Each structure stands twice: as structure tokens, then as C-alpha cells.
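Enquirer: I'd like to ask some things about the structure below.
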Amino acid sequence: MSRTLSRDFYERPVVDVARSLIGKRLVRNLHDDLLAGVIIETEAYDGEQDRACHAHRGKTRRNAVMYGPPGCAYVYFTYGLHWLLNCVTGAEDYPAAVLIRAIQPIHGLEVISQNRAGIAQELWCNGPAKLTRALAIDGTFNGCDLCQQNGILQITEGITIPDDKIQATPRIGIGYAGEPWISKPWRFEAKMQLAEVNALIE
DNA sequence: TCTTCGATTGTCT
DNA sequence: GACAATCGAAGAA
């Protein structure tokens, strides 16, 4: 298996981390099964001044993990039924995180298909709450360390996606935040056909 | 304690 | 394209 990303990777400005997470592998150790996918879409949320960030009103019990060390998972519950996965970035005590919005499943497809029963394969993990369902990630992962080799959840080196294939656009679903936050191009997406992504995966 | 609403998804029209 | 589902966090009272 490829190398687990070190804490240094996450201890950088959140927008840089969000961009460089594209192409990395999200790996989930589930009992005897290994589930994995290549990250193809992320969003950055940057500190208390960012009105779209959960930390914009200061530290609360919900967002406390964002104030912790980088390289940890921030998992929260929303809309009464969805879990969303983020990774904490930047220095400790600075609340910033990257939302993982979509992955391309590459390993453990049988288990993933069970978790996403009755749904077409291309729709298994193409949304932030879809991939948590597919990889069986819930609130018990909040605060877990993503830098642990063989941990239950980690992010490892993946494939190299050419710069010109990574598109930056405004973030989704944050209309309440107002400008300039709505227009910040802090959503990153690999603009490639899935076949091209698959071709890069050994 | 009460009210509002969300970093979404799936279904129905 | 519109909207219900569903519940806990956060803010107001």
C-alpha cells in the first residue's frame, strides 16, 4: 500500500491542502476489508473569519476538533441524516478543515456496493454524504487521526493529477455566508473522465 | 426550553 | 425542477 500522508502535509494553509488532496487515496480499514478511493473533489473552510466555516462563531463542542492538531478527521452530522467527512489543517488552535466531497472507488468495491445497494456505481461516492455512507464513516470517527499507518481511516499518497486538470470553483451550499465568501474559488475538482482517473491507478 | 435551519440526498412530478 | 426527510447544534428567550 502507498505511503500514509504525514502530519506535515496537513500543517499548511487549508486552501493549499484542499488542492493537493486531489488525487490522494482515502483508505478505510473495515474489519478484514480494505475500502479505498481516490479523492476527486474537496472544499476548503478557513478559520473564524470565513463565514461559511463552522468555526465562524468561535469554538463550540461541535467544531472543537477543528481547533485541534492537523491531520485529524472532523466528522459532523447534518440535515438529520448525513455524516460529512473533513480533515483538519493548519496550526493547532487555528480552525480550518477540508471537506471531502467526492472520491472514485478503487478498492473494496464489493463492500461499497453493499453499502450503496441499488445505486448505480458512478453515483456511489459522488457526494460528501454519499462517500461516508459508502465507506461506513460516522460520528465515531470524529477526532480520529488520519496519519496513523493501518489506522481505521487514513489518507495515503495516490495518483498525480496534472495541474490543468484541477478546476477551482466557488463552494457549494453556502449562500448564507454572504460575500466575499460565496465567491471564493475554494472548491477543487479533478476535471477528468473516470476512465482517465482509472488509467492512472496502477 | 423553544425555534430555526443546515458544507445533502433521493424521490416524485 | 421542487421538495420532503430528519435531528442535533446553535442562538434566542
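So you can find residues: chains in the C-alpha cells are A, B, ... in the order shown, residues in each start at 1, and ligands are numbered from 1 in order.
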Based on the backbone DSSP call, show me all residues of segment 8-201 of chain A assigned strand (DSSP E), as number ranges by chain.

Expert: A: 25-30, 33-46, 73-78, 82-88, 96-107, 153-156, 166-169, 187-190

Enquirer: Taking only C-alpha atoms (C1' of nucleotides) into account and nothing else, which residues of chain A lie no more than 10 Å away from chain B? Please answer as a PyMOL selection string.

Expert: chain A and resi 43-45+52-54+76-86+98-101+127-130+171-174

Enquirer: Please produce a file of those selected residues containing N, CA and C atoms, as an mmCIF file, in the first residue's frame.

Expert:
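So again.cif came out as:
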data_model
loop_
_atom_site.group_PDB
_atom_site.id
_atom_site.type_symbol
_atom_site.label_atom_id
_atom_site.label_comp_id
_atom_site.auth_asym_id
_atom_site.auth_seq_id
_atom_site.Cartn_x
_atom_site.Cartn_y
_atom_site.Cartn_z
ATOM 1 N N GLU A 43 -13.334 20.817 -0.654
ATOM 2 C CA GLU A 43 -13.597 22.236 -0.413
ATOM 3 C C GLU A 43 -12.827 22.671 0.819
ATOM 4 N N ALA A 44 -12.358 23.938 0.822
ATOM 5 C CA ALA A 44 -11.599 24.472 1.956
ATOM 6 C C ALA A 44 -12.476 25.402 2.796
ATOM 7 N N TYR A 45 -12.341 25.282 4.115
ATOM 8 C CA TYR A 45 -13.036 26.160 5.062
ATOM 9 C C TYR A 45 -11.986 26.738 5.998
ATOM 10 N N ALA A 52 -18.529 30.911 6.007
ATOM 11 C CA ALA A 52 -19.076 29.618 5.614
ATOM 12 C C ALA A 52 -18.539 28.495 6.496
ATOM 13 N N CYS A 53 -17.524 28.802 7.280
ATOM 14 C CA CYS A 53 -16.871 27.784 8.121
ATOM 15 C C CYS A 53 -17.645 27.616 9.418
ATOM 16 N N HIS A 54 -17.749 26.383 9.896
ATOM 17 C CA HIS A 54 -18.470 26.142 11.150
ATOM 18 C C HIS A 54 -17.859 26.891 12.314
ATOM 19 N N TYR A 76 -19.069 15.504 11.069
ATOM 20 C CA TYR A 76 -20.250 16.080 11.704
ATOM 21 C C TYR A 76 -21.519 15.632 10.991
ATOM 22 N N PHE A 77 -22.612 15.816 11.730
ATOM 23 C CA PHE A 77 -23.927 15.334 11.309
ATOM 24 C C PHE A 77 -24.766 16.509 10.811
ATOM 25 N N THR A 78 -25.451 16.337 9.686
ATOM 26 C CA THR A 78 -26.262 17.450 9.204
ATOM 27 C C THR A 78 -27.534 16.958 8.524
ATOM 28 N N TYR A 79 -28.492 17.846 8.379
ATOM 29 C CA TYR A 79 -29.781 17.566 7.741
ATOM 30 C C TYR A 79 -30.478 16.361 8.368
ATOM 31 N N GLY A 80 -30.147 16.069 9.615
ATOM 32 C CA GLY A 80 -30.845 14.999 10.301
ATOM 33 C C GLY A 80 -30.479 13.601 9.874
ATOM 34 N N LEU A 81 -29.668 13.432 8.850
ATOM 35 C CA LEU A 81 -29.366 12.077 8.396
ATOM 36 C C LEU A 81 -28.005 11.891 7.738
ATOM 37 N N HIS A 82 -27.222 12.932 7.561
ATOM 38 C CA HIS A 82 -25.978 12.780 6.818
ATOM 39 C C HIS A 82 -24.735 13.068 7.666
ATOM 40 N N TRP A 83 -23.699 12.234 7.456
ATOM 41 C CA TRP A 83 -22.388 12.487 8.055
ATOM 42 C C TRP A 83 -21.457 13.027 6.972
ATOM 43 N N LEU A 84 -20.710 14.082 7.292
ATOM 44 C CA LEU A 84 -19.760 14.638 6.335
ATOM 45 C C LEU A 84 -18.347 14.552 6.912
ATOM 46 N N LEU A 85 -17.391 14.208 6.052
ATOM 47 C CA LEU A 85 -16.002 13.996 6.475
ATOM 48 C C LEU A 85 -15.110 15.166 6.054
ATOM 49 N N ASN A 86 -14.369 15.681 7.032
ATOM 50 C CA ASN A 86 -13.380 16.734 6.780
ATOM 51 C C ASN A 86 -12.048 16.308 7.354
ATOM 52 N N VAL A 98 -10.738 20.700 5.497
ATOM 53 C CA VAL A 98 -11.062 20.413 4.103
ATOM 54 C C VAL A 98 -12.193 19.387 4.068
ATOM 55 N N LEU A 99 -13.289 19.746 3.410
ATOM 56 C CA LEU A 99 -14.401 18.822 3.221
ATOM 57 C C LEU A 99 -14.092 17.912 2.040
ATOM 58 N N ILE A 100 -14.173 16.593 2.264
ATOM 59 C CA ILE A 100 -14.014 15.639 1.168
ATOM 60 C C ILE A 100 -15.372 15.471 0.501
ATOM 61 N N ARG A 101 -15.496 15.918 -0.736
ATOM 62 C CA ARG A 101 -16.805 15.929 -1.394
ATOM 63 C C ARG A 101 -17.050 14.730 -2.292
ATOM 64 N N GLY A 127 -20.707 12.451 -3.772
ATOM 65 C CA GLY A 127 -21.231 13.497 -2.896
ATOM 66 C C GLY A 127 -20.684 13.280 -1.501
ATOM 67 N N PRO A 128 -20.561 14.353 -0.703
ATOM 68 C CA PRO A 128 -19.905 14.251 0.605
ATOM 69 C C PRO A 128 -20.586 13.279 1.566
ATOM 70 N N ALA A 129 -21.917 13.209 1.529
ATOM 71 C CA ALA A 129 -22.605 12.278 2.417
ATOM 72 C C ALA A 129 -22.679 10.886 1.805
ATOM 73 N N LYS A 130 -22.536 10.816 0.476
ATOM 74 C CA LYS A 130 -22.572 9.516 -0.182
ATOM 75 C C LYS A 130 -21.322 8.713 0.143
ATOM 76 N N ARG A 171 -17.578 27.455 -3.660
ATOM 77 C CA ARG A 171 -18.088 26.349 -2.848
ATOM 78 C C ARG A 171 -19.605 26.215 -2.978
ATOM 79 N N ILE A 172 -20.079 25.030 -2.577
ATOM 80 C CA ILE A 172 -21.481 24.657 -2.767
ATOM 81 C C ILE A 172 -22.277 24.848 -1.470
ATOM 82 N N GLY A 173 -23.499 25.331 -1.601
ATOM 83 C CA GLY A 173 -24.437 25.298 -0.481
ATOM 84 C C GLY A 173 -24.123 26.216 0.675
ATOM 85 N N ILE A 174 -23.477 27.361 0.400
ATOM 86 C CA ILE A 174 -23.112 28.277 1.473
ATOM 87 C C ILE A 174 -23.662 29.675 1.220
#

Enquirer: Give as a PDB file with N, CA, C and O atoms (P, O5', C5', C4', C3', O3' and C1' of nucleotides), in the first residue's frame every residue of chain C that touches chain A within 10 Å, counting only C-alpha atoms (C1' of nucleotides).

Expert:
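Saved the output as iface29.pdb:
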ATOM      1  P    DA C   5     -41.864  14.207   4.941  1.00  0.00           P
ATOM      2  O5'  DA C   5     -40.428  13.562   5.193  1.00  0.00           O
ATOM      3  C5'  DA C   5     -39.949  12.570   4.300  1.00  0.00           C
ATOM      4  C4'  DA C   5     -38.537  12.170   4.704  1.00  0.00           C
ATOM      5  C3'  DA C   5     -38.324  12.118   6.225  1.00  0.00           C
ATOM      6  O3'  DA C   5     -37.565  10.972   6.543  1.00  0.00           O
ATOM      7  C1'  DA C   5     -36.754  13.577   5.228  1.00  0.00           C
ATOM      8  P    DT C   6     -37.787  10.249   7.910  1.00  0.00           P
ATOM      9  O5'  DT C   6     -36.750  10.988   8.847  1.00  0.00           O
ATOM     10  C5'  DT C   6     -35.359  10.843   8.582  1.00  0.00           C
ATOM     11  C4'  DT C   6     -34.590  11.783   9.484  1.00  0.00           C
ATOM     12  C3'  DT C   6     -35.188  11.915  10.890  1.00  0.00           C
ATOM     13  O3'  DT C   6     -34.152  11.856  11.843  1.00  0.00           O
ATOM     14  C1'  DT C   6     -34.906  14.031   9.943  1.00  0.00           C
ATOM     15  P    DC C   7     -34.574  11.272  13.327  1.00  0.00           P
ATOM     16  O5'  DC C   7     -33.526  12.027  14.255  1.00  0.00           O
ATOM     17  C5'  DC C   7     -32.151  12.061  13.891  1.00  0.00           C
ATOM     18  C4'  DC C   7     -31.543  13.349  14.407  1.00  0.00           C
ATOM     19  C3'  DC C   7     -32.091  13.785  15.767  1.00  0.00           C
ATOM     20  O3'  DC C   7     -31.052  14.387  16.511  1.00  0.00           O
ATOM     21  C1'  DC C   7     -32.302  15.532  14.271  1.00  0.00           C
ATOM     22  P    DG C   8     -30.279  13.516  17.643  1.00  0.00           P
ATOM     23  O5'  DG C   8     -28.983  14.397  17.919  1.00  0.00           O
ATOM     24  C5'  DG C   8     -28.030  14.529  16.881  1.00  0.00           C
ATOM     25  C4'  DG C   8     -27.630  15.984  16.719  1.00  0.00           C
ATOM     26  C3'  DG C   8     -27.415  16.729  18.043  1.00  0.00           C
ATOM     27  O3'  DG C   8     -26.316  17.590  17.857  1.00  0.00           O
ATOM     28  C1'  DG C   8     -28.924  17.919  16.727  1.00  0.00           C
ATOM     29  P    DA C   9     -25.396  17.943  19.076  1.00  0.00           P
ATOM     30  O5'  DA C   9     -24.770  19.297  18.540  1.00  0.00           O
ATOM     31  C5'  DA C   9     -24.444  19.372  17.154  1.00  0.00           C
ATOM     32  C4'  DA C   9     -24.567  20.800  16.688  1.00  0.00           C
ATOM     33  C3'  DA C   9     -24.092  21.833  17.704  1.00  0.00           C
ATOM     34  O3'  DA C   9     -23.405  22.844  17.002  1.00  0.00           O
ATOM     35  C1'  DA C   9     -26.344  22.266  17.146  1.00  0.00           C
ATOM     36  P    DA C  10     -22.537  23.878  17.803  1.00  0.00           P
ATOM     37  O5'  DA C  10     -23.420  25.208  17.710  1.00  0.00           O
ATOM     38  C5'  DA C  10     -23.890  25.600  16.439  1.00  0.00           C
ATOM     39  C4'  DA C  10     -24.871  26.735  16.576  1.00  0.00           C
ATOM     40  C3'  DA C  10     -24.524  27.754  17.658  1.00  0.00           C
ATOM     41  O3'  DA C  10     -24.740  29.038  17.128  1.00  0.00           O
ATOM     42  C1'  DA C  10     -26.714  26.970  17.980  1.00  0.00           C
TER      43       DA C  10
END

Enquirer: Please report, as a list in words, each residue of segment 17-179 of chain A to which DSSP assigns alpha helix (DSSP H) when run on this structure's backbone.

Expert: Val17, Ala18, Arg19, Ser20, Leu109, Glu110, Val111, Ile112, Ser113, Gln114, Asn115, Pro128, Ala129, Lys130, Leu131, Thr132, Arg133 and Ala134 of chain A

Enquirer: Near Leu146 of chain A, within 10 Å and counting only C-alpha atoms (C1' of nucleotides), which residues show up once chain neighbours fewer than 5 positions away are dropped, as JSON, numbers by chain?

Expert: {"A": [4, 5, 6, 7, 10, 26, 27, 70, 71, 72, 73, 87, 88, 141, 151, 152, 153, 154, 155, 156]}

Enquirer: What does the file look like for those residues with all heavy atoms, as a compact mmCIF listing (two decimals), in the first residue's frame?

Expert:
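Saved file out.txt follows:
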# COMPACT_ATOMS: atom_id res chain seq x y z
N THR A 4 1.36 6.60 3.89
CA THR A 4 0.40 7.44 4.60
C THR A 4 0.92 8.88 4.66
O THR A 4 2.09 9.10 4.94
CB THR A 4 0.19 6.91 6.03
OG1 THR A 4 -0.25 5.55 5.95
CG2 THR A 4 -0.85 7.73 6.76
N LEU A 5 0.04 9.84 4.41
CA LEU A 5 0.47 11.24 4.47
C LEU A 5 0.82 11.62 5.91
O LEU A 5 0.13 11.24 6.85
CB LEU A 5 -0.66 12.15 3.97
CG LEU A 5 -1.07 11.96 2.51
CD1 LEU A 5 -2.19 12.93 2.16
CD2 LEU A 5 0.10 12.13 1.57
N SER A 6 1.92 12.37 6.06
CA SER A 6 2.36 12.76 7.40
C SER A 6 1.60 14.00 7.87
O SER A 6 0.92 14.66 7.09
CB SER A 6 3.85 13.08 7.37
OG SER A 6 4.05 14.28 6.65
N ARG A 7 1.76 14.30 9.14
CA ARG A 7 1.06 15.46 9.71
C ARG A 7 1.52 16.77 9.04
O ARG A 7 0.74 17.71 8.93
CB ARG A 7 1.26 15.51 11.23
CG ARG A 7 0.16 16.25 11.95
CD ARG A 7 0.21 16.05 13.47
NE ARG A 7 0.27 14.67 13.87
CZ ARG A 7 -0.78 13.83 13.85
NH1 ARG A 7 -1.96 14.26 13.46
NH2 ARG A 7 -0.65 12.58 14.22
N TYR A 10 -0.68 18.27 6.38
CA TYR A 10 -1.89 18.99 6.77
C TYR A 10 -1.58 20.33 7.43
O TYR A 10 -2.46 21.19 7.53
CB TYR A 10 -2.72 18.14 7.74
CG TYR A 10 -3.12 16.81 7.17
CD1 TYR A 10 -2.36 15.67 7.44
CD2 TYR A 10 -4.25 16.69 6.37
CE1 TYR A 10 -2.73 14.43 6.92
CE2 TYR A 10 -4.61 15.47 5.85
CZ TYR A 10 -3.85 14.34 6.12
OH TYR A 10 -4.22 13.12 5.60
N LEU A 26 -8.12 7.90 -0.09
CA LEU A 26 -8.80 7.78 1.20
C LEU A 26 -8.94 6.29 1.47
O LEU A 26 -9.53 5.57 0.66
CB LEU A 26 -10.16 8.47 1.14
CG LEU A 26 -11.01 8.44 2.41
CD1 LEU A 26 -10.33 9.21 3.54
CD2 LEU A 26 -12.38 9.04 2.13
N VAL A 27 -8.38 5.82 2.59
CA VAL A 27 -8.34 4.39 2.87
C VAL A 27 -9.06 4.09 4.17
O VAL A 27 -8.76 4.67 5.22
CB VAL A 27 -6.88 3.89 2.98
CG1 VAL A 27 -6.86 2.40 3.28
CG2 VAL A 27 -6.13 4.19 1.69
N PRO A 70 -3.57 19.29 13.32
CA PRO A 70 -3.87 18.96 11.93
C PRO A 70 -3.76 17.46 11.70
O PRO A 70 -3.12 16.74 12.47
CB PRO A 70 -2.80 19.72 11.15
CG PRO A 70 -1.68 19.92 12.11
CD PRO A 70 -2.34 20.06 13.46
N GLY A 71 -4.41 16.98 10.64
CA GLY A 71 -4.33 15.56 10.30
C GLY A 71 -5.36 14.71 11.00
O GLY A 71 -5.32 13.49 10.90
N CYS A 72 -6.31 15.34 11.69
CA CYS A 72 -7.39 14.59 12.33
C CYS A 72 -8.67 14.73 11.49
O CYS A 72 -8.81 15.67 10.71
CB CYS A 72 -7.65 15.10 13.74
SG CYS A 72 -6.32 14.71 14.88
N ALA A 73 -9.60 13.79 11.69
CA ALA A 73 -10.87 13.84 10.97
C ALA A 73 -11.86 14.68 11.76
O ALA A 73 -11.98 14.53 12.97
CB ALA A 73 -11.41 12.43 10.78
N CYS A 87 -10.94 16.91 6.87
CA CYS A 87 -9.68 16.75 7.59
C CYS A 87 -9.19 18.10 8.07
O CYS A 87 -9.23 19.10 7.36
CB CYS A 87 -8.62 16.03 6.77
SG CYS A 87 -8.65 16.37 5.06
N VAL A 88 -8.74 18.11 9.31
CA VAL A 88 -8.30 19.33 9.97
C VAL A 88 -6.93 19.73 9.42
O VAL A 88 -6.06 18.88 9.23
CB VAL A 88 -8.23 19.12 11.50
CG1 VAL A 88 -7.69 20.37 12.20
CG2 VAL A 88 -9.60 18.74 12.03
N PHE A 141 -15.97 8.57 14.15
CA PHE A 141 -14.67 8.90 13.56
C PHE A 141 -14.25 10.33 13.86
O PHE A 141 -13.15 10.75 13.49
CB PHE A 141 -14.71 8.70 12.04
CG PHE A 141 -14.74 7.26 11.64
CD1 PHE A 141 -15.90 6.53 11.77
CD2 PHE A 141 -13.61 6.64 11.17
CE1 PHE A 141 -15.94 5.18 11.42
CE2 PHE A 141 -13.64 5.30 10.81
CZ PHE A 141 -14.81 4.57 10.94
N GLY A 151 -4.36 2.70 10.49
CA GLY A 151 -5.49 3.18 11.27
C GLY A 151 -6.80 2.83 10.57
O GLY A 151 -6.80 2.38 9.43
N ILE A 152 -7.92 3.04 11.27
CA ILE A 152 -9.20 2.69 10.68
C ILE A 152 -9.54 3.63 9.53
O ILE A 152 -10.36 3.31 8.67
CB ILE A 152 -10.34 2.70 11.71
CG1 ILE A 152 -10.36 4.02 12.48
CG2 ILE A 152 -10.22 1.52 12.65
CD1 ILE A 152 -11.55 4.16 13.40
N LEU A 153 -8.93 4.81 9.53
CA LEU A 153 -9.15 5.76 8.44
C LEU A 153 -7.87 6.54 8.23
O LEU A 153 -7.31 7.09 9.18
CB LEU A 153 -10.31 6.71 8.79
CG LEU A 153 -10.80 7.61 7.67
CD1 LEU A 153 -11.39 6.80 6.52
CD2 LEU A 153 -11.85 8.59 8.19
N GLN A 154 -7.40 6.58 6.99
CA GLN A 154 -6.17 7.32 6.71
C GLN A 154 -6.21 7.82 5.28
O GLN A 154 -7.02 7.39 4.47
CB GLN A 154 -4.95 6.43 6.94
CG GLN A 154 -4.97 5.16 6.11
CD GLN A 154 -3.73 4.30 6.34
OE1 GLN A 154 -2.62 4.76 6.19
NE2 GLN A 154 -3.96 3.05 6.70
N ILE A 155 -5.29 8.73 4.99
CA ILE A 155 -5.14 9.21 3.62
C ILE A 155 -3.70 8.96 3.21
O ILE A 155 -2.77 9.26 3.96
CB ILE A 155 -5.49 10.71 3.52
CG1 ILE A 155 -6.95 10.94 3.94
CG2 ILE A 155 -5.27 11.21 2.09
CD1 ILE A 155 -7.38 12.39 3.92
N THR A 156 -3.53 8.35 2.04
CA THR A 156 -2.19 7.98 1.58
C THR A 156 -1.88 8.66 0.25
O THR A 156 -2.75 9.24 -0.39
CB THR A 156 -2.07 6.46 1.39
OG1 THR A 156 -2.80 6.07 0.21
CG2 THR A 156 -2.61 5.70 2.57

Enquirer: So what do you get for atom CA of Thr42 of chain A versus atom CA of Glu189 of chain A, distance-wise?

Expert: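 Value for the atom CA of Thr42 of chain A-atom CA of Glu189 of chain A distance: 6.6 Å.
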
Enquirer: Considering only C-alpha atoms (C1' of nucleotides), return as a ChimeraX atom specification whatever protein or nucleic-acid residues lie within 7 Å of Trp181 of chain A, sequence-local ones (same chain, fewer than 2 positions apart) excluded.

Expert: /A:50-52,177-179,183-184

Enquirer: Tell me which protein, DNA and RNA residues are within 8 Å of segment 112-125 of chain A, counting only C-alpha atoms (C1' of nucleotides), leaving out same-chain ones fewer than 3 positions away, and put them as a PyMOL selection string.

Expert: chain A and resi 35+102-105+108-109+128+130-131+133-136

Enquirer: Enter the distance from atom CA of Pro95 of chain A to atom CA of Gly68 of chain A, in Å, rounded to one decimal.

Expert: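 Taking atom CA of Pro95 of chain A and atom CA of Gly68 of chain A, their separation equals 7.8 Å.
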